[in-house]
Every structure is written in structure tokens, then in C-alpha cells.
Amino acid sequence: MSGMEGWDFGEVDHLSIYTLLDDYAGYETGFYGQHGISFLVDVVAGEVRRRILFDVGQSGEPILYNMEKMGLGPGEVNVVFLSHCHYDHTGGLLEILRAIGKEVPVIAHPRIFRKNLVRSGSRNVGLPYTKEEAEEYGARWILDSQPRELMEGVITTGEIPREERVDFERETTLGLYTIEAGKLVRDYMLDDISLAVRTREGLVVVSGCSHAGIVSIVEKAKRITGSREVRAVVGGFHLIDADDRRIERTVEALREMRVGRIYTGHCTGLRAECRFLREFRERFEKLHSGRIIKL
Ligand SMILES: [Fe+2]
Ligand SMILES: [Fe+2]
């Protein structure tokens with residue numbers, strides 16, 4: 001869909017991102033924390049309002065609890081977006097679909113159903129249910145490897161092939177494998193997709209774990225939306241197991257792109273968070289369950 005690159009997607013009028021779940025519950029909050037991510041991305045463009053449920057944590061319980069505490073109802077969700085196969089982003093789907101109580105489109109990469117194995121190949125960290133099981137709960141799969149416009153000003157990044165990633169992001173920090181033709185082969189997380197939202201003050205990129213590399217993701221989001229200003233980058237950057245050099249190059253690249261604000265948590269890791277804090281100061285914020293970002 002390279003013909004779409006640089007096409008004018010329009011802009012949204014309002015964007016609110018509700019952190020329904022993060023690893024960190026926050027200071028003096030009553031929210032539940034769990035290793036995983038879930039956001040409710042609430043967007044308004046003209047007459048159209050969409051509430052996009054971006055990832056669904058490991059299980060539905062903490063998300064549904066936090067939603068209620070935030071005055072949000074699962075029935076308000078219009079569409080579910082799954083950033084990649086990992087259980088800490090997809091595990092809650094069935095429980096949440098049950099709570100939504102109606103058929104709902106679920107956007108993901110077509111390869112999301114493959115086995116995804118950690119290091120030795122013994123543990124599957126991929127989707128903990130089948131495509132068909134999710135359908136029984138009301139999932140209407142929309143599987144697309146390419147950028148897909150969800151509404152005016154909102155587009156998915158689509159996959160980022162290894163050769164399109166910046167040099168220091170061509171290897172995933174996690175050693176991941178899959179099975180192809182009966183053989184254990186490296187898995188470069190082609191199913192990792194993110195969300196790009198164009199606001200009047202610039203682009204907002206929302207990512208789950210950033211296995212494709214957060215710099216490569218922001219670059220792709222800029223390219224497909226034709227945006228110059230990056231207002232904010234939100235999500236997990238998976239630098240928890242990255243070396244100092246990769247962390248340094250990531251911070252440097254986002255600074256050079258003049259990213260306005262960084263909201264991160266989950267798998268970013270303390271070392272990288274400290275480095276981002278040092279660089280971005282008051283423009284850096286650590287995510288936590290219950291944090292509402294209004295942009
Ligand atoms: Fe994750
Ligand atoms: Fe992940």
C-alpha cells in the first residue's frame with residue numbers, strides 16, 4: 001500500500017488516551033497493575049467518535065476493574081486493535097469480548113496466530129487462544145499487514161519489514177523464534193503494528209511493545225501520514241533487555257526527530273526510562289494504570 005504514503009489523512013479534533021492497564025499501578029491510586037498494556041484511545045473527528053481498545057493485557061479482570069473505576073463501560077468499545085501476538089497484550093481478549101457483549105471488529109496482523117517461542121523454544125508467548133475461539137466470543141477479525149485507515153486522522157502503521165528498520169533495531173532485543181516448515185527459526189515480530197493519530201499539533205504514535213523498534217515505528221508513522229511534527233510517543237518501547245548503546249541511540253534518534261512528549265512504561269525498563277527522563281525532563285512521563293492523556 002505504498003501508494004498511500006504521504007497521502008493526506010486529515011486530522012482528529014480530540015484525542016484522549018486512557019491507560020486501562022500498565023505494569024505500574026501508580027502512586028496512591030487504587031488501580032490494578034499487571035504486566036501488560038491496554039489503552040482506550042478515544043478519538044473524535046467531526047461527527048465521528050471512535051473508541052479503540054488498544055491491546056487487552058494478560059487478562060480481562062484488571063482492565064474491566066480499572067475501566068469501571070474510570071467511569072468507562074466495555075460496551076462503549078467500537079473496535080479492538082491488537083499490537084502483536086504476545087500474551088501480555090492479547091490474553092484478556094475473550095473476557096473483554098464477553099463483557100462487550102456484541103460482535104466487534106478486531107484489527108491485527110495476519111501472522112498474529114503463529115507460535116511465538118522464547119529463546120530455547122520451549123515457551124509459547126503468543127496468542128493464548130485460537131482465531132476460531134475468539135470468533136465464538138464475537139471477534140470479527142480484520143487482518144491486514146499494511147497501513148489501514150480506521151477513521152479520519154487515524155491509521156495503523158502496518159508491518160515494518162526488517163530491512164526497513166533502522167540498523168540498530170534490526171534485531172529484536174528478545175530472542176524469539178517461530179516454527180516454519182517444521183523448523184525452529186528466528187522470529188522478527190513482523191506482526192508488530194502501531195497506531196498513528198494526526199492531531200492539529202502533530203502526530204501521536206501509540207505502540208504496544210515496539211518489537212519493530214520505536215524509532216523505526218515513529219519513522220514509518222511519519223512517512224505514511226506525511227507528518228513532520230511528532231507531538232507524542234506513547235507505549236512500551238521494549239528496551240528492558242537492551243544494551244546501553246541501543247538505549248542511547250534510541251533516545252538520540254527520538255530527540256533528533258524532536259518528539260514533543262514521551263509517555264512510556266511496561267517493557268521500557270528502568271534504565272531506559274531514566275535515560276528518557278534525563279533527556280526529556282518535564283516532557284517525559286512514566287505510564288501507570290489509570291493515567292489519562294489528553295492531547
Ligand atoms: Fe509487552
Ligand atoms: Fe511483546
# chains A, B, ... in the order shown; residues from 1 in each chain; ligands from 1
>>> residues_around(residues="A:Val166", least_positions_apart="3", cutoff="9 Å", atoms="only C-alpha atoms", output="list in words")
Arg162, Glu163, Glu169, Arg170, Gly213, Val215 and Ser216 of chain A
>>> write_last_selection(atoms="C-alpha atoms", output="PDB file, in the first residue's frame")
ATOM      1  CA  ARG A 162      13.414  -5.913   8.921  1.00  0.00           C
ATOM      2  CA  GLU A 163      15.145  -4.152   6.039  1.00  0.00           C
ATOM      3  CA  GLU A 169      16.638  -2.091  15.506  1.00  0.00           C
ATOM      4  CA  ARG A 170      17.028  -4.985  13.053  1.00  0.00           C
ATOM      5  CA  GLY A 213      11.848  -0.749  17.181  1.00  0.00           C
ATOM      6  CA  VAL A 215      12.480   4.670  16.140  1.00  0.00           C
ATOM      7  CA  SER A 216      11.521   2.657  13.044  1.00  0.00           C
TER       8      SER A 216
END
>>> residues_around(residues="A:Gln34", least_positions_apart="6", cutoff="8 Å", atoms="only C-alpha atoms", output="short mmCIF file (atom, residue, chain, number, x, y, z; two decimals) with N, CA and C atoms, in the first residue's frame")
data_model
loop_
_atom_site.label_atom_id
_atom_site.label_comp_id
_atom_site.auth_asym_id
_atom_site.auth_seq_id
_atom_site.Cartn_x
_atom_site.Cartn_y
_atom_site.Cartn_z
N LEU A 21 -4.45 -0.27 31.56
CA LEU A 21 -3.56 -1.21 32.25
C LEU A 21 -2.11 -0.96 31.89
N ASP A 22 -1.28 -1.01 32.92
CA ASP A 22 0.17 -0.96 32.75
C ASP A 22 0.76 -1.83 33.86
N ASP A 23 2.05 -2.12 33.76
CA ASP A 23 2.72 -2.90 34.80
C ASP A 23 2.68 -2.16 36.14
N TYR A 24 2.67 -0.83 36.06
CA TYR A 24 2.77 0.02 37.25
C TYR A 24 1.38 0.58 37.58
N ALA A 25 0.99 0.45 38.84
CA ALA A 25 -0.34 0.92 39.25
C ALA A 25 -0.34 2.41 39.60
N GLY A 57 -4.12 -6.51 27.66
CA GLY A 57 -3.44 -7.07 28.83
C GLY A 57 -3.38 -8.60 28.80
N GLN A 58 -3.03 -9.18 29.96
CA GLN A 58 -2.97 -10.65 30.08
C GLN A 58 -4.32 -11.24 30.36
N PRO A 62 -8.34 -7.15 35.54
CA PRO A 62 -7.84 -5.83 35.97
C PRO A 62 -8.28 -4.70 35.04
#
>>> closest_residue(among="A:Val106, A:Ile17, A:Leu203, A:Val259", to="A:Phe81", atoms="only C-alpha atoms")
A:Val106
>>> residues_near_ligand(ligand="ligand 2", cutoff="7 Å", atoms="only C-alpha atoms and all ligand atoms", output="list in words")
His84, His86, Cys209 and His211 of chain A
>>> residues_near_ligand(ligand="ligand 1", cutoff="10 Å", atoms="only C-alpha atoms and all ligand atoms", output="PyMOL selection string")
chain A and resi 22-23+35-37+55+57-58+83-90+207-211+235-238+265-268
>>> closest_atom_pairs(of="stretch 229-284 of chain A", to="stretch 179-199 of chain A", cutoff="10 Å", atoms="only C-alpha atoms", output="tab-separated table")
residue	atom	partner	partner_atom	distance
A:Glu229	CA	A:Arg198	CA	9.7
A:Val230	CA	A:Arg198	CA	9.2
A:Arg231	CA	A:Thr199	CA	8.4
A:Ala232	CA	A:Val197	CA	9.9
A:Val233	CA	A:Ala196	CA	9.5
A:Val234	CA	A:Leu195	CA	9.8
A:Gly235	CA	A:Ser194	CA	9.6
>>> write_last_selection(atoms="N, CA and C atoms", output="compact mmCIF listing (two decimals), in the first residue's frame")
# COMPACT_ATOMS: atom_id res chain seq x y z
N GLU A 229 5.77 17.06 12.49
CA GLU A 229 5.87 17.20 13.95
C GLU A 229 5.40 15.92 14.63
N VAL A 230 6.20 15.44 15.57
CA VAL A 230 5.75 14.31 16.40
C VAL A 230 5.43 14.86 17.79
N ARG A 231 4.16 14.89 18.09
CA ARG A 231 3.72 15.51 19.33
C ARG A 231 3.98 14.61 20.54
N ALA A 232 3.72 13.34 20.37
CA ALA A 232 3.91 12.41 21.49
C ALA A 232 4.10 10.99 21.01
N VAL A 233 4.87 10.24 21.79
CA VAL A 233 5.02 8.80 21.56
C VAL A 233 4.60 8.12 22.86
N VAL A 234 3.67 7.18 22.73
CA VAL A 234 3.04 6.57 23.90
C VAL A 234 3.16 5.05 23.82
N GLY A 235 3.58 4.40 24.90
CA GLY A 235 3.55 2.93 24.93
C GLY A 235 4.80 2.31 25.51
>>> atom_distance(atom1="atom CA of A:His14", atom2="atom CA of A:Gly226")
19.4 Å
>>> residues_around(residues="A:Lys294", least_positions_apart="2", cutoff="8 Å", atoms="only C-alpha atoms", output="list of chain:residue names")
A:Leu15, A:Ser16, A:Ile17, A:Ile292
>>> write_last_selection(atoms="C-alpha atoms", output="PDB file, in the first residue's frame")
ATOM      1  CA  LEU A  15      -7.720  12.585  21.327  1.00  0.00           C
ATOM      2  CA  SER A  16      -7.796  11.075  24.807  1.00  0.00           C
ATOM      3  CA  ILE A  17      -5.794   8.022  25.747  1.00  0.00           C
ATOM      4  CA  ILE A 292      -5.446   9.743  31.254  1.00  0.00           C
TER       5      ILE A 292
END
>>> select_by_dssp(residues="stretch 8-86 of chain A", states="alpha helix (DSSP H)", output="list in words")
Gly60, Glu61, Pro62, Ile63, Leu64, Tyr65, Asn66, Met67, Glu68 and Lys69 of chain A
>>> residues_around(residues="A:Arg271", least_positions_apart="5", cutoff="10 Å", atoms="only C-alpha atoms", output="ChimeraX atom specification")
/A:239-244,247,276-277
>>> closest_residue(among="A:Ile63, A:Val205, A:Val79, A:Val48", to="A:Tyr18", atoms="only C-alpha atoms")
A:Ile63
>>> closest_residue(among="A:Val125, A:Tyr65, A:Arg223, A:Glu152", to="A:Glu164", atoms="only C-alpha atoms")
A:Arg223
>>> atom_distance(atom1="atom CA of A:Ala253", atom2="atom CA of A:Leu174")
21.0 Å
>>> select_by_dssp(residues="stretch 113-204 of chain A", states="strand (DSSP E or B)", output="ChimeraX atom specification")
/A:117-118,123-124,139-143,149-151,154-156,176-180,183-186,195-199,202-204
>>> residues_around(residues="A:Phe31", least_positions_apart="6", cutoff="7 Å", atoms="only C-alpha atoms", output="ChimeraX atom specification")
/A:25,66,289-290
>>> write_last_selection(atoms="N, CA, C and O atoms", output="mmCIF file, in the first residue's frame")
data_model
loop_
_atom_site.group_PDB
_atom_site.id
_atom_site.type_symbol
_atom_site.label_atom_id
_atom_site.label_comp_id
_atom_site.auth_asym_id
_atom_site.auth_seq_id
_atom_site.Cartn_x
_atom_site.Cartn_y
_atom_site.Cartn_z
ATOM 1 N N ALA A 25 0.991 0.452 38.840
ATOM 2 C CA ALA A 25 -0.337 0.922 39.251
ATOM 3 C C ALA A 25 -0.341 2.405 39.596
ATOM 4 O O ALA A 25 -1.400 2.999 39.745
ATOM 5 N N ASN A 66 -10.377 -1.546 36.267
ATOM 6 C CA ASN A 66 -9.858 -0.179 36.079
ATOM 7 C C ASN A 66 -10.811 0.667 35.239
ATOM 8 O O ASN A 66 -10.993 1.862 35.498
ATOM 9 N N SER A 289 -1.371 2.501 35.274
ATOM 10 C CA SER A 289 -2.808 2.214 35.151
ATOM 11 C C SER A 289 -3.583 3.417 35.654
ATOM 12 O O SER A 289 -3.265 3.963 36.705
ATOM 13 N N GLY A 290 -4.581 3.825 34.898
ATOM 14 C CA GLY A 290 -5.429 4.937 35.322
ATOM 15 C C GLY A 290 -5.003 6.294 34.794
ATOM 16 O O GLY A 290 -5.767 7.261 34.888
#
>>> closest_residue(among="A:Leu72, A:Leu287, A:Ile155, A:Leu82", to="A:Lys222", atoms="only C-alpha atoms")
A:Ile155
>>> residues_around(residues="stretch 73-76 of chain A", least_positions_apart="5", cutoff="9 Å", atoms="only C-alpha atoms", output="PyMOL selection string")
chain A and resi 50-51+64+67-68+96-97+99-102
>>> write_last_selection(atoms="C-alpha atoms", output="tab-separated table (two decimals), in the first residue's frame")
chain	number	residue	atom	x	y	z
A	50	ARG	CA	-14.46	6.03	17.90
A	51	ARG	CA	-13.22	4.28	21.00
A	64	LEU	CA	-12.55	-4.24	33.48
A	67	MET	CA	-12.39	0.77	33.39
A	68	GLU	CA	-15.20	0.84	35.90
A	96	ILE	CA	-13.34	-8.48	27.35
A	97	LEU	CA	-15.35	-9.59	24.33
A	99	ALA	CA	-18.08	-8.01	28.66
A	100	ILE	CA	-18.59	-6.02	25.44
A	101	GLY	CA	-21.41	-8.41	24.66
A	102	LYS	CA	-21.64	-7.85	20.91
>>> decode(residues="stretch 135-160 of chain A", atoms="C-alpha atoms", output="PDB file, in the first residue's frame")
ATOM      1  CA  GLU A 135     -14.791 -15.620  16.896  1.00  0.00           C
ATOM      2  CA  GLU A 136     -17.108 -17.564  19.208  1.00  0.00           C
ATOM      3  CA  TYR A 137     -16.824 -14.652  21.656  1.00  0.00           C
ATOM      4  CA  GLY A 138     -17.710 -12.104  18.980  1.00  0.00           C
ATOM      5  CA  ALA A 139     -14.367 -11.182  17.351  1.00  0.00           C
ATOM      6  CA  ARG A 140     -14.743 -10.149  13.726  1.00  0.00           C
ATOM      7  CA  TRP A 141     -11.127 -10.365  12.594  1.00  0.00           C
ATOM      8  CA  ILE A 142      -9.783  -7.703  10.246  1.00  0.00           C
ATOM      9  CA  LEU A 143      -6.334  -8.977   9.345  1.00  0.00           C
ATOM     10  CA  ASP A 144      -4.105  -6.581   7.472  1.00  0.00           C
ATOM     11  CA  SER A 145      -0.332  -6.442   7.136  1.00  0.00           C
ATOM     12  CA  GLN A 146      -0.430  -2.964   5.565  1.00  0.00           C
ATOM     13  CA  PRO A 147      -1.384   0.502   6.867  1.00  0.00           C
ATOM     14  CA  ARG A 148      -5.116   0.770   7.297  1.00  0.00           C
ATOM     15  CA  GLU A 149      -7.113   3.936   7.874  1.00  0.00           C
ATOM     16  CA  LEU A 150      -9.550   3.435  10.775  1.00  0.00           C
ATOM     17  CA  MET A 151     -11.200   6.850  10.525  1.00  0.00           C
ATOM     18  CA  GLU A 152     -10.176  10.348   9.538  1.00  0.00           C
ATOM     19  CA  GLY A 153      -6.761  11.056  11.074  1.00  0.00           C
ATOM     20  CA  VAL A 154      -6.241   7.535  12.489  1.00  0.00           C
ATOM     21  CA  ILE A 155      -4.183   4.876  10.713  1.00  0.00           C
ATOM     22  CA  THR A 156      -2.378   1.656  11.625  1.00  0.00           C
ATOM     23  CA  THR A 157       1.314   1.507  10.680  1.00  0.00           C
ATOM     24  CA  GLY A 158       1.175  -1.992   9.191  1.00  0.00           C
ATOM     25  CA  GLU A 159       4.190  -4.272   9.408  1.00  0.00           C
ATOM     26  CA  ILE A 160       7.731  -2.919   9.346  1.00  0.00           C
TER      27      ILE A 160
END
